[in-house]
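K.L.:
One structure is given below, represented as structure tokens, and several questions about it will come after.
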Amino acid sequence: MNSEFVLIVGGAGYIGAHTCFELLVSGYNIVVLDNLSNSQKESLKRLSTLTGKEIDFYEVDIRDSRSVDLVFEKYGFSSVVHFAGLKSVGESNSFPLKYYDNNVSGSISLLKVMDKYNVKKLVFSSSATVYGTPKELPIPETAPTSTINPYGQSKLLVEKILVDVAKADPDWKIANLRYFNPAGAHFSGLIGEDPKDIPNNIMPYISQVAVGKLEKLSVFGGDYDTVDGTGVRDYIHVTDLAKGHLAALNYLNSSQECGFSSFNLGTGKGVSVLELINAFEKASGKNIPFNIVARRQGDVAACYADPTKANKVLGWKAELDIDRICQDAWRWQVNNPTGY
Ligand code: NAD
Ligand code: UFG
């Protein structure tokens with residue numbers, strides 16, 4: 001169907017591996033490049049088991065332009081999907097240079113090689129974090145952007161660089177995907193999120209409480225102006241998110257003129273922390289002990305997407321609800337209690 005190769009940068013990671021699956025089953029040929037700083041080759045082995053296809057993999061850092069160059073020389077890439085980035089907000093506050101170097105310098109390095117080989121179709125992983133404290137809900141792509149931590153700043157900086165790149169050269173086609181809260185796992189239970197340390201994000205944290213690895217959940221804040229006082233987020237199933245990348249890639253391949261375009265990938269529905277705990281208890285049959293504690297610094301009360309643009313332009317819509325997210329997250333956790 002698609003004889004050209006798509007380079008999946010950061011494809012061994014959580015969202016990357018799920019996207020590789022969707023691209024492979026849709027007939028795309030892929031090559032994965034990843035430095036394995038936050039992932040394991042096992043995710044790719046399992047992808048091969050699931051799809052029956054071998055995956056060409058290169059253990060390379062995107063900042064190592066000579067090695068990236070060699071990979072581009074070997075394949076005639078049609079496009080790049082770029083997931084490679086560090087993603088911990090807390091760590092970014094402690095090590096800002098590490099984040100700017102990896103996420104910003106890394107992206108510039110990758111873009112330069114793409115430019116050299118005339119590969120000008122890019123799907124980029126951005127984040128709803130670029131909206132800062134939302135002024136309106138649901139959040140449209142036209143909402144003002146602002147960030148308060150180096151991680152968010154690194155995403156916004158790359159977005160701005162991409163805007164300039166597309167402005168300077170109309171041959172570039174860039175789909176900038178702003179993810180809301182990715183969660184859940186592949187239905188097979190074979191691929192999922194595999195955090196190295198104690199998780200920062202709520203979903204893997206709850207899973208580890210349910211399986212008995214962690215004692216109890218701290219709910220950060222019970223006095224927000226929300227449905228039950230706890231933080232509200234737009235949890236999107238990672239399979240829906242992966243399908244959003246497929247839709248974005250198809251759009252770049254079929255559209256004549258698109259330049260730089262941002263898309264919210266979210267469900268449009270807000271779920272509170274207490275609602276999430278309930279859904280997880282139902283899916284797992286386990287009790288999730290929790291304490292309501294002080295708000296976490298930097299958290300907003302509520303954040304959920306207006307996904308209309310992605311619905312209309314990409315023909316994409318999230319299909320899976322919070323119950324399904326919890327069921328799949330739980331299957332992954334039970335089948336892989338120590339990760340990959
Ligand atoms: P992940 O850590 O599982 O995946 C990122 C992958 O990139 C990993 O496999 C890692 O080894 C690789 N990588 C990192 N730096 C690299 C480098 N310099 N060179 C080569 N490979 C490198 O994270 P994820 O959850 O799959 O996130 C993917 C992308 O989506 C990231 O850019 C992240 O910032 C963004 N994002 C994630 C979330 C989320 O909640 N998971 C939300 C919004 C945006
Ligand atoms: N929460 C808890 N206890 C925890 C962890 C989180 O109560 O142990 C709460 C938070 O206060 C928030 C909600 O659960 O209300 C979600 O928190 P996460 O840490 O899971 O996710 P965030 O919304 O803070 O941030 C995530 C990613 C960011 C990304 C953002 C938008 O971590 O990188 O979604 O995509 F930018």
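Residues in the structure tokens are named by chain (A, B, ... in the order shown) and by number from 1 within that chain; ligands are numbered from 1 in the order shown.
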Please give me, as a PyMOL selection string, the residues lying within 8 Å of ligand 2 when counting only C-alpha atoms and all ligand atoms.
P.N.:
chain A and resi 87-89+127-130+151-152+178-182+199-203+205-206+217-221+230-233+272-273+292+295-296+299-303
K.L.:
As a list in words, list the residues of stretch 155-184 of chain A assigned to strand (DSSP E or B) by DSSP on the backbone atoms of this structure.
P.N.:
Lys173, Ile174, Ala175, Asn176, Leu177, Arg178, Tyr179, Asn181, Pro182 and Ala183 of chain A
K.L.:
Using only C-alpha atoms, which residues sit within 6 Å of stretch 72-81 of chain A once same-chain residues fewer than 4 positions away are excluded, as a list in words?
P.N.:
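Here the answer would be Glu4, Phe5, Val6, Leu7, Ile8, Val119, Lys121, Leu122 and Val123 of chain A.
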K.L.:
Using 8 Å as the limit and counting only C-alpha atoms and all ligand atoms, can you tabulate each residue of chain A that touches ligand 1, with its shortest atom-to-atom distance in Å and the two atoms involved, as a tab-separated table?
P.N.:
```
residue	atom	partner	partner_atom_place_in_ligand_line	distance
A:Val9	CA	ligand 1	21 (N)	6.3
A:Gly10	CA	ligand 1	7 (O)	3.4
A:Gly11	CA	ligand 1	9 (O)	5.9
A:Ala12	CA	ligand 1	9 (O)	4.5
A:Gly13	CA	ligand 1	9 (O)	3.4
A:Tyr14	CA	ligand 1	26 (O)	3.7
A:Ile15	CA	ligand 1	26 (O)	3.7
A:Gly16	CA	ligand 1	26 (O)	5.3
A:Ala17	CA	ligand 1	26 (O)	7.6
A:Leu33	CA	ligand 1	20 (C)	6.5
A:Asp34	CA	ligand 1	21 (N)	3.8
A:Asn35	CA	ligand 1	20 (C)	4.1
A:Leu36	CA	ligand 1	11 (O)	3.7
A:Ser37	CA	ligand 1	11 (O)	3.9
A:Asn38	CA	ligand 1	11 (O)	3.8
A:Ser39	CA	ligand 1	9 (O)	4.3
A:Gln40	CA	ligand 1	9 (O)	7.2
A:Glu59	CA	ligand 1	20 (C)	7.7
A:Val60	CA	ligand 1	20 (C)	5.8
A:Asp61	CA	ligand 1	19 (N)	3.5
A:Ile62	CA	ligand 1	19 (N)	4.1
A:Arg63	CA	ligand 1	18 (N)	5.9
A:His82	CA	ligand 1	32 (O)	7.3
A:Phe83	CA	ligand 1	29 (C)	4.2
A:Ala84	CA	ligand 1	7 (O)	3.4
A:Gly85	CA	ligand 1	32 (O)	3.9
A:Leu86	CA	ligand 1	14 (C)	5.4
A:Lys87	CA	ligand 1	34 (O)	4.4
A:Ser88	CA	ligand 1	34 (O)	8.0
A:Asn102	CA	ligand 1	18 (N)	5.0
A:Asn103	CA	ligand 1	18 (N)	7.0
A:Gly106	CA	ligand 1	18 (N)	5.7
A:Phe124	CA	ligand 1	32 (O)	8.0
A:Ser125	CA	ligand 1	30 (O)	4.7
A:Ser126	CA	ligand 1	44 (C)	5.1
A:Ser127	CA	ligand 1	43 (C)	4.0
A:Ala128	CA	ligand 1	43 (C)	6.5
A:Thr129	CA	ligand 1	43 (C)	7.3
A:Tyr151	CA	ligand 1	34 (O)	7.8
A:Lys155	CA	ligand 1	34 (O)	7.4
A:Arg178	CA	ligand 1	43 (C)	6.8
A:Tyr179	CA	ligand 1	43 (C)	4.8
A:Phe180	CA	ligand 1	42 (C)	6.2
A:Asn181	CA	ligand 1	40 (O)	5.3
A:Pro182	CA	ligand 1	40 (O)	5.1
A:Ala183	CA	ligand 1	40 (O)	7.5
A:Glu193	CA	ligand 1	3 (O)	6.8
A:Asp194	CA	ligand 1	3 (O)	7.4
A:Pro195	CA	ligand 1	3 (O)	7.8
A:Asn201	CA	ligand 1	40 (O)	7.4
```
K.L.:
Please identify all polymer residues within 12 Å of A:Arg46, counting only C-alpha atoms, omitting same-chain residues fewer than 3 positions from it, and present them as a count of residues only.
P.N.:
23
K.L.:
Compare A:Asn253, A:Ser207, A:Ser107, A:Ser65 by their minimum atom-to-atom distance to A:Gln333, counting only C-alpha atoms, and give me the closest one.
P.N.:
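Among A:Asn253, A:Ser207, A:Ser107, A:Ser65, it is A:Ser207 that comes nearest to A:Gln333.
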K.L.:
Would you kindly return, as an MDAnalysis selection string, each protein, DNA or RNA residue with an atom no farther than 8 Å from any atom of stretch 166-175 of chain A, considering only C-alpha atoms and excluding same-chain residues fewer than 2 positions away?
P.N.:
chainID A and resid 120:124 162:164 177 248:249 252 257:263
K.L.:
Those residues you just picked out, can you put them in a file as a CSV table (one decimal), in the first residue's frame with all heavy atoms?
P.N.:
```csv
chain,number,residue,atom,x,y,z
A,120,LYS,N,10.3,16.4,4.3
A,120,LYS,CA,9.6,17.6,4.8
A,120,LYS,C,8.2,17.4,5.4
A,120,LYS,O,7.4,18.3,5.4
A,120,LYS,CB,9.7,18.8,3.8
A,120,LYS,CG,11.2,19.2,3.5
A,120,LYS,CD,11.3,20.3,2.6
A,120,LYS,CE,12.8,20.7,2.5
A,120,LYS,NZ,13.0,21.8,1.5
A,121,LYS,N,7.9,16.1,5.7
A,121,LYS,CA,6.6,15.9,6.3
A,121,LYS,C,6.9,15.4,7.7
A,121,LYS,O,7.6,14.4,7.9
A,121,LYS,CB,5.8,14.8,5.5
A,121,LYS,CG,5.2,15.4,4.3
A,121,LYS,CD,4.3,14.4,3.6
A,121,LYS,CE,5.2,13.6,2.6
A,121,LYS,NZ,4.4,12.7,1.8
A,122,LEU,N,6.3,16.1,8.7
A,122,LEU,CA,6.6,15.8,10.1
A,122,LEU,C,5.4,15.8,10.9
A,122,LEU,O,4.5,16.7,10.8
A,122,LEU,CB,7.6,16.9,10.6
A,122,LEU,CG,7.9,16.8,12.1
A,122,LEU,CD1,8.8,15.6,12.5
A,122,LEU,CD2,8.6,18.1,12.6
A,123,VAL,N,5.3,14.7,11.8
A,123,VAL,CA,4.2,14.7,12.8
A,123,VAL,C,5.0,14.9,14.1
A,123,VAL,O,5.9,14.1,14.4
A,123,VAL,CB,3.4,13.4,12.8
A,123,VAL,CG1,2.4,13.4,14.0
A,123,VAL,CG2,2.8,13.2,11.5
A,124,PHE,N,4.7,15.9,14.9
A,124,PHE,CA,5.4,16.2,16.1
A,124,PHE,C,4.5,16.0,17.4
A,124,PHE,O,3.4,16.4,17.4
A,124,PHE,CB,5.9,17.7,16.1
A,124,PHE,CG,6.6,18.1,17.4
A,124,PHE,CD1,7.8,17.4,17.8
A,124,PHE,CD2,6.1,19.1,18.2
A,124,PHE,CE1,8.4,17.8,19.0
A,124,PHE,CE2,6.7,19.5,19.3
A,124,PHE,CZ,7.9,18.8,19.7
A,162,LEU,N,9.1,25.2,14.6
A,162,LEU,CA,8.4,24.5,13.5
A,162,LEU,C,7.6,25.5,12.7
A,162,LEU,O,7.5,25.4,11.5
A,162,LEU,CB,7.5,23.4,14.0
A,162,LEU,CG,8.3,22.2,14.6
A,162,LEU,CD1,7.4,21.1,15.2
A,162,LEU,CD2,9.2,21.5,13.6
A,163,VAL,N,7.0,26.5,13.4
A,163,VAL,CA,6.2,27.5,12.7
A,163,VAL,C,7.1,28.3,11.8
A,163,VAL,O,6.8,28.5,10.6
A,163,VAL,CB,5.6,28.5,13.7
A,163,VAL,CG1,5.0,29.7,13.0
A,163,VAL,CG2,4.5,27.8,14.5
A,164,ASP,N,8.3,28.6,12.3
A,164,ASP,CA,9.3,29.4,11.4
A,164,ASP,C,9.8,28.6,10.3
A,164,ASP,O,10.0,29.1,9.1
A,164,ASP,CB,10.5,29.9,12.3
A,164,ASP,CG,10.0,31.0,13.3
A,164,ASP,OD1,9.0,31.6,13.0
A,164,ASP,OD2,10.7,31.2,14.3
A,177,LEU,N,0.8,17.8,17.0
A,177,LEU,CA,-0.2,17.2,17.8
A,177,LEU,C,-0.1,17.5,19.3
A,177,LEU,O,0.9,17.2,19.9
A,177,LEU,CB,-0.2,15.7,17.6
A,177,LEU,CG,-0.3,15.2,16.1
A,177,LEU,CD1,-0.3,13.7,16.0
A,177,LEU,CD2,-1.5,15.9,15.4
A,248,ALA,N,-3.1,11.9,11.0
A,248,ALA,CA,-2.2,13.0,10.7
A,248,ALA,C,-1.3,12.7,9.6
A,248,ALA,O,-1.1,13.6,8.6
A,248,ALA,CB,-1.5,13.5,12.0
A,249,LEU,N,-0.7,11.6,9.6
A,249,LEU,CA,0.2,11.2,8.5
A,249,LEU,C,-0.6,11.1,7.2
A,249,LEU,O,-0.1,11.6,6.1
A,249,LEU,CB,0.8,9.8,8.9
A,249,LEU,CG,2.2,9.5,8.3
A,249,LEU,CD1,3.2,10.6,8.5
A,249,LEU,CD2,2.7,8.2,9.0
A,252,LEU,N,-1.1,14.6,5.9
A,252,LEU,CA,0.0,15.2,5.3
A,252,LEU,C,0.3,14.6,3.9
A,252,LEU,O,0.7,15.3,3.0
A,252,LEU,CB,1.3,15.0,6.2
A,252,LEU,CG,1.3,15.6,7.6
A,252,LEU,CD1,2.6,15.4,8.2
A,252,LEU,CD2,0.9,17.1,7.5
A,257,GLU,N,-1.6,21.6,0.5
A,257,GLU,CA,-1.0,22.7,1.2
A,257,GLU,C,-1.4,22.6,2.7
A,257,GLU,O,-2.6,22.6,3.0
A,257,GLU,CB,-1.5,24.1,0.7
A,257,GLU,CG,-0.9,24.5,-0.5
A,257,GLU,CD,-1.6,25.8,-1.0
A,257,GLU,OE1,-2.0,26.6,-0.1
A,257,GLU,OE2,-1.8,25.9,-2.2
A,258,CYS,N,-0.5,22.4,3.6
A,258,CYS,CA,-0.9,22.5,5.0
A,258,CYS,C,0.1,23.2,5.9
A,258,CYS,O,-0.3,23.7,6.9
A,258,CYS,CB,-1.2,21.1,5.6
A,258,CYS,SG,-0.1,19.8,5.2
A,259,GLY,N,1.3,23.4,5.5
A,259,GLY,CA,2.2,24.2,6.3
A,259,GLY,C,2.3,23.6,7.7
A,259,GLY,O,2.4,22.4,7.9
A,260,PHE,N,2.2,24.5,8.7
A,260,PHE,CA,2.3,24.1,10.1
A,260,PHE,C,0.8,24.1,10.6
A,260,PHE,O,0.2,25.2,10.5
A,260,PHE,CB,3.1,25.0,10.9
A,260,PHE,CG,3.1,24.8,12.4
A,260,PHE,CD1,4.0,24.0,13.0
A,260,PHE,CD2,2.1,25.4,13.2
A,260,PHE,CE1,3.9,23.8,14.4
A,260,PHE,CE2,2.0,25.2,14.5
A,260,PHE,CZ,2.9,24.4,15.2
A,261,SER,N,0.4,23.0,11.2
A,261,SER,CA,-1.0,23.0,11.7
A,261,SER,C,-1.0,22.3,13.1
A,261,SER,O,-0.5,21.2,13.2
A,261,SER,CB,-1.9,22.3,10.7
A,261,SER,OG,-3.2,22.9,10.7
A,262,SER,N,-1.7,22.9,14.1
A,262,SER,CA,-1.8,22.3,15.4
A,262,SER,C,-3.1,21.6,15.5
A,262,SER,O,-4.1,22.1,15.0
A,262,SER,CB,-1.7,23.3,16.5
A,262,SER,OG,-0.4,23.9,16.5
A,263,PHE,N,-3.1,20.4,16.2
A,263,PHE,CA,-4.4,19.7,16.4
A,263,PHE,C,-4.4,19.2,17.9
A,263,PHE,O,-3.4,18.6,18.3
A,263,PHE,CB,-4.4,18.4,15.5
A,263,PHE,CG,-4.5,18.8,14.1
A,263,PHE,CD1,-3.3,18.7,13.3
A,263,PHE,CD2,-5.7,19.1,13.4
A,263,PHE,CE1,-3.3,19.0,11.9
A,263,PHE,CE2,-5.7,19.4,12.1
A,263,PHE,CZ,-4.5,19.4,11.3
```
K.L.:
Which value, in Å to one decimal, gives the distance between atom CA of A:Gln153 and atom CA of A:Glu136?
P.N.:
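Atom CA of A:Glu136 lies 20.6 Å from atom CA of A:Gln153.
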K.L.:
Determine which residues of stretch 22-264 of chain A receive a DSSP assignment of helix (DSSP H, G or I), computed from the backbone, and state them as a VMD selection string.
P.N.:
chain A and resid 22 to 25 42 to 51 65 to 74 89 to 94 96 to 116 128 to 131 150 to 168 202 to 210 238 to 254
K.L.:
Would you pick out the contacts of A:Lys243 at 9 Å or less, using only C-alpha atoms, so that residues sharing its chain but fewer than 5 positions from it are not included, and give the list as a PyMOL selection string?
P.N.:
chain A and resi 18-19+22-23+238+248+316-318
K.L.:
Take the residues from that selection and write them out as a PDB file, in the first residue's frame, keeping N, CA, C and O atoms.
P.N.:
```pdb
ATOM      1  N   HIS A  18       2.723   2.236  20.386  1.00  0.00           N
ATOM      2  CA  HIS A  18       1.310   2.080  19.982  1.00  0.00           C
ATOM      3  C   HIS A  18       1.081   2.656  18.581  1.00  0.00           C
ATOM      4  O   HIS A  18       0.281   2.122  17.805  1.00  0.00           O
ATOM      5  N   THR A  19       1.790   3.728  18.274  1.00  0.00           N
ATOM      6  CA  THR A  19       1.655   4.322  16.934  1.00  0.00           C
ATOM      7  C   THR A  19       2.288   3.406  15.889  1.00  0.00           C
ATOM      8  O   THR A  19       1.721   3.218  14.798  1.00  0.00           O
ATOM      9  N   GLU A  22      -0.261   0.847  14.933  1.00  0.00           N
ATOM     10  CA  GLU A  22      -1.334   1.317  14.029  1.00  0.00           C
ATOM     11  C   GLU A  22      -0.812   1.542  12.621  1.00  0.00           C
ATOM     12  O   GLU A  22      -1.508   1.255  11.645  1.00  0.00           O
ATOM     13  N   LEU A  23       0.418   2.052  12.498  1.00  0.00           N
ATOM     14  CA  LEU A  23       0.976   2.289  11.158  1.00  0.00           C
ATOM     15  C   LEU A  23       1.254   0.957  10.459  1.00  0.00           C
ATOM     16  O   LEU A  23       0.960   0.795   9.275  1.00  0.00           O
ATOM     17  N   VAL A 238      -4.465   5.497  24.653  1.00  0.00           N
ATOM     18  CA  VAL A 238      -3.248   5.578  23.833  1.00  0.00           C
ATOM     19  C   VAL A 238      -3.486   4.996  22.430  1.00  0.00           C
ATOM     20  O   VAL A 238      -2.844   5.430  21.456  1.00  0.00           O
ATOM     21  N   ALA A 248      -3.068  11.870  11.037  1.00  0.00           N
ATOM     22  CA  ALA A 248      -2.248  13.050  10.722  1.00  0.00           C
ATOM     23  C   ALA A 248      -1.313  12.742   9.552  1.00  0.00           C
ATOM     24  O   ALA A 248      -1.130  13.567   8.647  1.00  0.00           O
ATOM     25  N   TRP A 316     -10.624  12.361  12.461  1.00  0.00           N
ATOM     26  CA  TRP A 316     -10.275  11.500  13.606  1.00  0.00           C
ATOM     27  C   TRP A 316     -11.112  11.864  14.831  1.00  0.00           C
ATOM     28  O   TRP A 316     -11.392  13.050  15.062  1.00  0.00           O
ATOM     29  N   LYS A 317     -11.480  10.846  15.579  1.00  0.00           N
ATOM     30  CA  LYS A 317     -12.251  11.076  16.803  1.00  0.00           C
ATOM     31  C   LYS A 317     -11.860  10.002  17.815  1.00  0.00           C
ATOM     32  O   LYS A 317     -11.720   8.833  17.441  1.00  0.00           O
ATOM     33  N   ALA A 318     -11.688  10.393  19.066  1.00  0.00           N
ATOM     34  CA  ALA A 318     -11.414   9.387  20.106  1.00  0.00           C
ATOM     35  C   ALA A 318     -12.666   8.534  20.308  1.00  0.00           C
ATOM     36  O   ALA A 318     -13.781   9.060  20.356  1.00  0.00           O
TER      37      ALA A 318
END
```
